[in-house]
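Structure file protein_33.cif with mmCIF, C-alpha atoms and all ligand atoms:
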data_target
loop_
_atom_site.label_atom_id
_atom_site.label_comp_id
_atom_site.auth_asym_id
_atom_site.auth_seq_id
_atom_site.Cartn_x
_atom_site.Cartn_y
_atom_site.Cartn_z
CA MET A 1 122.02 100.03 183.90
CA SER A 2 125.59 99.45 185.09
CA PRO A 3 127.37 97.76 182.13
CA GLU A 4 130.23 96.45 184.31
CA ARG A 5 127.79 94.08 186.05
CA VAL A 6 126.38 92.53 182.88
CA ASP A 7 127.57 89.02 182.06
CA PRO A 8 129.28 89.00 178.62
CA ARG A 9 126.83 86.34 177.36
CA THR A 10 123.91 88.58 178.33
CA GLU A 11 125.62 91.53 176.66
CA LEU A 12 125.80 89.44 173.50
CA VAL A 13 122.06 88.74 173.75
CA GLY A 14 121.32 92.45 174.17
CA ARG A 15 123.47 93.40 171.17
CA GLY A 16 121.84 90.61 169.17
CA TYR A 17 118.30 91.87 169.84
CA ASP A 18 119.45 95.44 169.10
CA ALA A 19 120.67 94.23 165.71
CA ILE A 20 117.75 92.00 164.74
CA GLY A 21 115.15 94.61 165.75
CA ALA A 22 112.18 94.33 163.37
CA ARG A 23 113.46 90.98 162.02
CA PHE A 24 112.61 89.38 165.36
CA SER A 25 109.03 90.70 165.22
CA ALA A 26 108.58 89.41 161.66
CA TRP A 27 109.96 86.00 162.68
CA ARG A 28 107.74 85.82 165.78
CA ASP A 29 104.66 86.72 163.74
CA GLN A 30 105.15 83.52 161.69
CA ILE A 31 104.90 81.24 164.76
CA VAL A 32 101.88 78.95 164.71
CA GLY A 33 100.28 77.45 167.80
CA ASP A 34 102.03 79.52 170.49
CA PRO A 35 99.93 78.90 173.64
CA ARG A 36 100.72 82.28 175.24
CA ARG A 37 97.19 83.65 174.83
CA ALA A 38 95.55 80.79 176.76
CA TRP A 39 98.14 80.93 179.53
CA GLU A 40 97.81 84.70 179.85
CA ASP A 41 94.05 84.27 180.12
CA GLU A 42 94.63 82.04 183.12
CA LEU A 43 96.93 84.62 184.71
CA VAL A 44 94.37 87.35 184.09
CA SER A 45 91.66 85.24 185.76
CA ARG A 46 93.81 84.91 188.89
CA LEU A 47 94.78 88.59 189.34
CA GLN A 48 92.85 91.65 190.49
CA HIS A 49 92.40 94.50 188.04
CA GLY A 50 95.29 96.93 188.57
CA ALA A 51 97.68 94.24 189.88
CA ARG A 52 101.41 94.99 189.63
CA VAL A 53 102.98 92.78 186.94
CA LEU A 54 106.69 92.60 186.12
CA GLU A 55 107.62 91.23 182.69
CA LEU A 56 111.20 90.02 182.23
CA GLY A 57 112.57 89.98 178.68
CA CYS A 58 109.54 91.86 177.32
CA GLY A 59 111.05 92.37 173.85
CA THR A 60 108.94 94.71 171.72
CA GLY A 61 106.06 94.59 174.20
CA VAL A 62 103.86 92.96 171.56
CA PRO A 63 101.68 91.09 172.15
CA ASP A 64 102.09 90.25 175.85
CA THR A 65 102.91 93.56 177.52
CA GLN A 66 100.30 95.28 175.38
CA ARG A 67 97.59 92.80 176.38
CA LEU A 68 98.52 92.72 180.08
CA ALA A 69 98.77 96.53 180.26
CA THR A 70 95.07 96.88 179.42
CA ARG A 71 94.29 95.50 182.92
CA PHE A 72 97.42 95.69 185.04
CA GLN A 73 100.24 98.07 186.01
CA VAL A 74 102.98 96.49 183.94
CA THR A 75 106.72 97.07 184.19
CA GLY A 76 108.72 95.57 181.33
CA VAL A 77 112.44 94.85 181.51
CA ASP A 78 114.73 94.09 178.59
CA ILE A 79 118.48 94.19 178.06
CA SER A 80 118.11 95.40 174.45
CA ALA A 81 117.84 99.18 174.02
CA GLU A 82 116.23 98.67 170.61
CA GLN A 83 113.57 96.27 171.95
CA VAL A 84 112.82 98.67 174.83
CA ARG A 85 112.53 101.57 172.36
CA ARG A 86 109.97 99.58 170.36
CA ALA A 87 108.12 98.51 173.51
CA ARG A 88 107.83 102.11 174.78
CA ALA A 89 106.34 103.15 171.44
CA ALA A 90 103.92 100.18 171.31
CA VAL A 91 102.76 100.27 174.94
CA PRO A 92 102.84 103.84 176.27
CA GLN A 93 100.80 102.93 179.35
CA ALA A 94 103.46 100.50 180.67
CA GLU A 95 106.81 101.36 182.26
CA PHE A 96 110.01 99.99 180.80
CA MET A 97 113.57 99.55 182.04
CA GLN A 98 116.58 98.69 179.96
CA ALA A 99 118.35 96.31 182.33
CA ASP A 100 119.76 92.83 182.82
CA PHE A 101 117.04 91.13 184.84
CA THR A 102 119.55 88.67 186.35
CA ALA A 103 121.24 91.63 188.08
CA LEU A 104 118.16 93.70 188.85
CA GLU A 105 117.62 95.07 192.35
CA LEU A 106 113.95 95.62 193.22
CA GLU A 107 112.00 96.02 196.44
CA PRO A 108 110.94 92.74 198.07
CA GLU A 109 107.22 91.92 197.76
CA SER A 110 106.64 94.68 195.21
CA PHE A 111 104.81 92.65 192.49
CA ASP A 112 101.69 90.51 192.33
CA ALA A 113 102.96 88.56 189.33
CA VAL A 114 106.15 88.11 187.34
CA VAL A 115 105.94 86.84 183.77
CA SER A 116 108.69 85.90 181.34
CA PHE A 117 108.04 84.44 177.92
CA TYR A 118 110.88 82.80 175.98
CA ALA A 119 113.62 84.86 177.67
CA PHE A 120 115.10 82.49 180.29
CA ASN A 121 116.57 80.36 177.48
CA HIS A 122 119.05 83.22 177.01
CA VAL A 123 120.16 83.11 180.67
CA PRO A 124 123.48 81.41 181.45
CA ARG A 125 122.70 78.22 183.40
CA GLN A 126 124.36 79.25 186.66
CA LEU A 127 122.29 82.45 186.78
CA LEU A 128 118.89 80.77 186.43
CA ALA A 129 118.44 79.53 190.03
CA PRO A 130 119.47 82.90 191.57
CA THR A 131 117.07 84.64 189.16
CA PHE A 132 114.17 82.41 190.25
CA ALA A 133 115.06 83.15 193.90
CA GLN A 134 115.05 86.91 193.20
CA ILE A 135 111.66 86.64 191.53
CA ASN A 136 110.29 84.81 194.55
CA ASP A 137 111.56 87.65 196.73
CA TRP A 138 109.99 90.35 194.50
CA LEU A 139 106.57 88.69 194.71
CA VAL A 140 104.05 89.20 197.46
CA PRO A 141 103.02 86.00 199.29
CA GLY A 142 100.47 84.39 196.97
CA GLY A 143 102.12 86.14 193.99
CA LEU A 144 102.41 84.30 190.68
CA LEU A 145 105.22 83.39 188.31
CA MET A 146 104.27 82.50 184.74
CA THR A 147 107.01 81.54 182.33
CA ALA A 148 107.87 79.65 179.14
CA LEU A 149 111.20 77.85 179.54
CA GLY A 150 113.47 76.11 177.06
CA VAL A 151 113.84 72.37 177.68
CA GLY A 152 116.90 71.49 175.59
CA ASP A 153 119.95 70.17 177.48
CA ILE A 154 122.01 73.13 176.25
CA GLU A 155 124.95 74.21 178.40
CA ALA A 156 125.81 77.15 176.17
CA TRP A 157 125.20 77.77 172.48
CA THR A 158 126.59 80.78 170.68
CA GLY A 159 126.05 81.31 166.98
CA ASP A 160 124.15 83.18 164.32
CA TRP A 161 120.41 83.58 164.94
CA LEU A 162 118.28 85.69 162.62
CA GLY A 163 121.46 87.30 161.29
CA ALA A 164 123.17 88.27 164.55
CA PRO A 165 125.40 86.52 167.11
CA MET A 166 123.22 85.10 169.89
CA PHE A 167 123.55 83.05 173.10
CA PHE A 168 121.13 80.30 174.19
CA SER A 169 121.15 77.98 177.18
CA SER A 170 118.58 75.77 178.88
CA PHE A 171 117.98 72.81 181.17
CA PRO A 172 115.79 69.75 180.66
CA ARG A 173 112.25 69.91 182.03
CA ASP A 174 112.85 68.10 185.35
CA THR A 175 115.74 70.40 186.22
CA ASN A 176 113.62 73.47 185.42
CA THR A 177 110.83 72.19 187.67
CA ARG A 178 113.26 71.44 190.49
CA LEU A 179 114.89 74.90 190.24
CA VAL A 180 111.49 76.63 190.38
CA ARG A 181 110.54 74.57 193.47
CA GLU A 182 113.92 75.12 195.15
CA ALA A 183 113.47 78.88 194.68
CA GLY A 184 110.47 78.61 197.01
CA PHE A 185 107.56 78.25 194.58
CA GLU A 186 104.59 75.90 194.61
CA ILE A 187 103.92 74.64 191.10
CA ILE A 188 100.33 75.14 189.92
CA ARG A 189 100.73 74.06 186.27
CA ASP A 190 103.75 72.58 184.51
CA GLU A 191 103.25 71.49 180.89
CA LEU A 192 105.28 70.82 177.77
CA VAL A 193 103.83 72.55 174.71
CA THR A 194 104.94 71.88 171.13
CA PHE A 195 104.28 74.39 168.35
CA ARG A 196 105.76 75.56 165.06
CA GLU A 197 108.43 78.21 164.60
CA PRO A 198 109.44 79.16 161.02
CA GLU A 199 112.32 76.62 161.18
CA GLY A 200 110.18 73.74 162.50
CA GLU A 201 108.59 72.26 165.62
CA VAL A 202 109.79 73.39 169.04
CA THR A 203 108.86 72.43 172.59
CA PHE A 204 108.79 74.76 175.57
CA GLN A 205 107.86 74.19 179.20
CA TRP A 206 105.10 76.46 180.44
CA VAL A 207 104.97 76.92 184.19
CA LEU A 208 102.56 78.70 186.49
CA ALA A 209 103.83 78.80 190.08
CA MET A 210 103.00 80.65 193.27
CA ARG A 211 104.99 82.08 196.15
CA PRO A 212 103.26 80.33 199.05
CA VAL A 213 101.13 82.49 201.35
C1 LIG A 301 112.88 85.59 172.40
S1 LIG A 301 112.75 87.23 172.97
C2 LIG A 301 111.12 87.20 173.69
C3 LIG A 301 110.47 88.55 173.73
C4 LIG A 301 109.03 88.53 174.23
N1 LIG A 301 108.95 88.04 175.60
C5 LIG A 301 108.19 87.65 173.32
O1 LIG A 301 107.74 86.59 173.78
O2 LIG A 301 108.01 88.03 172.17
C6 LIG A 301 113.78 87.28 174.43
C7 LIG A 301 113.94 88.69 175.01
O3 LIG A 301 114.57 88.56 176.30
C8 LIG A 301 115.53 89.58 176.43
N2 LIG A 301 116.52 89.13 177.42
C9 LIG A 301 117.24 87.98 177.40
N3 LIG A 301 118.03 87.90 178.49
C10 LIG A 301 117.81 89.02 179.21
C11 LIG A 301 118.33 89.53 180.44
N4 LIG A 301 119.24 88.86 181.16
N5 LIG A 301 117.86 90.72 180.91
C12 LIG A 301 116.92 91.41 180.20
N6 LIG A 301 116.41 90.99 179.02
C13 LIG A 301 116.84 89.80 178.53
C14 LIG A 301 116.08 89.77 175.03
O4 LIG A 301 116.71 91.03 174.85
C15 LIG A 301 114.81 89.61 174.18
O5 LIG A 301 114.17 90.84 173.96
#
Kindly transcribe the structure held in the file into C-alpha cells.
Amino acid sequence: MSPERVDPRTELVGRGYDAIGARFSAWRDQIVGDPRRAWEDELVSRLQHGARVLELGCGTGVPDTQRLATRFQVTGVDISAEQVRRARAAVPQAEFMQADFTALELEPESFDAVVSFYAFNHVPRQLLAPTFAQINDWLVPGGLLMTALGVGDIEAWTGDWLGAPMFFSSFPRDTNTRLVREAGFEIIRDELVTFREPEGEVTFQWVLAMRPV
C-alpha cells in the first residue's frame, strides 16, 4: 500500500478499525435481522463453483469471506491492518490485501463478482462514483456487484464510533442507484432493508447489479 495516495478520511477509517478491533466484532454480533445471508445465497446461486470473488472492506472476514471462501476463490481487501490480520487468521483459504480499495489498481475483467458489505458508507462522496466505475472495469462481462449501501444524506460525518474516531458518508437511495447505473451496471435487485443494530433500527440499500454482457 502506498500511504501517500490514501485520502486522510480513509486513513482515519483504517486507524479507527485498527483501534476498535475485537470491539467491532462484538458489536456486529449483536445485530438482529441483517439480510446478508439471504443475499449471499442469491449470489452463490448465480456463480459457478470456483468463481473469482473480490470483497471490498472485508473486515475480519467473518462471516462473509469465510462463507464465500468455501465455494469461491476470494480476495479480501481492507484498509485496516488489524482487520486484515484477523481475516487472515479466520479465513486461511482466502487471499487478503491491506489496501485502500478506492485507489486499488487491478487487472480489467479479472473477477466474476465484487461484493462489499457496509463499507461504502465510509467512502468520501466524491470517490464513490469512480470506485463503482473501477469495479465495473474489474468485472468480466456478466460479472456481478453485490453491495449494502448507506442511504443517509450524509456529506461527511466524523466523530467517535465504538470508542475511536471514525468517518461516515453516504447518499440517499436514488443517488446510489443512479451512480451504480452510471458506472455501467444493470440493476437486478435494489431494495431497502431495515434491521436492528445495538443502538436501534437502521436502513441500508442492498443492490445486486451486473456488468452487461
Ligand atoms: C463496517 S465494516 C464492515 C466489515 C465487513 N464487510 C462486515 O460486514 O462485517 C467496514 C470495513 O470497511 C473497511 N474500509 C472502509 N473504507 C475502506 C477503503 N477505502 N479501503 C479498504 N477498506 C475500507 C474498514 O476498514 C472496515 O473493516
query = Suppose you want the space between atom N1 of ligand LIG 301 (chain A) and atom CA of Pro172 of chain A; what is it in Å?
reply =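 Separation between atom N1 of ligand LIG 301 (chain A) and atom CA of Pro172 of chain A: 20.2 Å.
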Exercise: segment 11-27 of chain A partners within 7 Å, only C-alpha atoms, chain neighbours under 2 positions left out, as a PDB file with C-alpha atoms, keeping the file's coordinate frame:
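Wrote part.pdb, looks like this:
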ATOM      1  CA  VAL A   6     126.380  92.530 182.880  1.00  0.00           C
ATOM      2  CA  ASP A   7     127.570  89.020 182.060  1.00  0.00           C
ATOM      3  CA  PRO A   8     129.280  89.000 178.620  1.00  0.00           C
ATOM      4  CA  ARG A   9     126.830  86.340 177.360  1.00  0.00           C
ATOM      5  CA  ASP A  29     104.660  86.720 163.740  1.00  0.00           C
ATOM      6  CA  GLN A  30     105.150  83.520 161.690  1.00  0.00           C
ATOM      7  CA  ILE A  79     118.480  94.190 178.060  1.00  0.00           C
ATOM      8  CA  SER A  80     118.110  95.400 174.450  1.00  0.00           C
ATOM      9  CA  ALA A  81     117.840  99.180 174.020  1.00  0.00           C
ATOM     10  CA  GLU A  82     116.230  98.670 170.610  1.00  0.00           C
ATOM     11  CA  GLN A  83     113.570  96.270 171.950  1.00  0.00           C
ATOM     12  CA  LEU A 162     118.280  85.690 162.620  1.00  0.00           C
ATOM     13  CA  GLY A 163     121.460  87.300 161.290  1.00  0.00           C
ATOM     14  CA  ALA A 164     123.170  88.270 164.550  1.00  0.00           C
ATOM     15  CA  PRO A 165     125.400  86.520 167.110  1.00  0.00           C
ATOM     16  CA  MET A 166     123.220  85.100 169.890  1.00  0.00           C
ATOM     17  CA  PHE A 167     123.550  83.050 173.100  1.00  0.00           C
TER      18      PHE A 167
END
message = Which residues are near Ile31 of chain A? Cut-off 7 Å, all atoms listed in the file, ignore same chain within fewer than 6 positions. Put them as a PyMOL selection string.
response = chain A and resi 196-198
Within-6 Å residues of ligand LIG 301 (chain A), basis only C-alpha atoms and all ligand atoms, as a ChimeraX atom specification = /A:10,13-14,17,57-59,77-80,83,99-102,117-119,122-123
key: Gap from atom CA of Phe168 of chain A to atom CA of Ala89 of chain A - Å, one decimal   =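 Going from atom CA of Phe168 of chain A over to atom CA of Ala89 of chain A covers 27.4 Å.
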ask   = Rounded to one decimal in Å, what is the spacing between atom CA of Asp64 of chain A and atom CA of Leu208 of chain A?
value =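 Answer for the atom CA of Asp64 of chain A to atom CA of Leu208 of chain A separation: 15.7 Å.
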inquiry  = Taking 5 positions as the minimum chain separation for residues in the same chain, which residues sit within 9 Å of Gly184 of chain A when counting all atoms listed in the file? Answer as a list in words.
reply    =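 The contact residues come out as Phe132, Ala133, Asn136, Leu179, Met210, Arg211 and Pro212 of chain A.
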task = Pick out the residues sitting within 12 Å of Glu40 of chain A, and hand them over as number ranges by chain; count only C-alpha atoms, and ignore anything fewer than 6 positions along from it in its own chain.
result = A: 34, 46-47, 53, 63-69, 71, 113-117, 144-148, 206-208
message = From the options A:Ile135, A:Leu149, A:Val140, A:Leu106, which residue's atoms come nearest to Val202 of chain A, counting all atoms listed in the file?
response = A:Leu149
message = Given only C-alpha atoms as the basis, pick out the residue of A:Arg173, A:Leu54, A:Ile187, A:Leu127 nearest to Leu139 of chain A.
response = A:Leu54
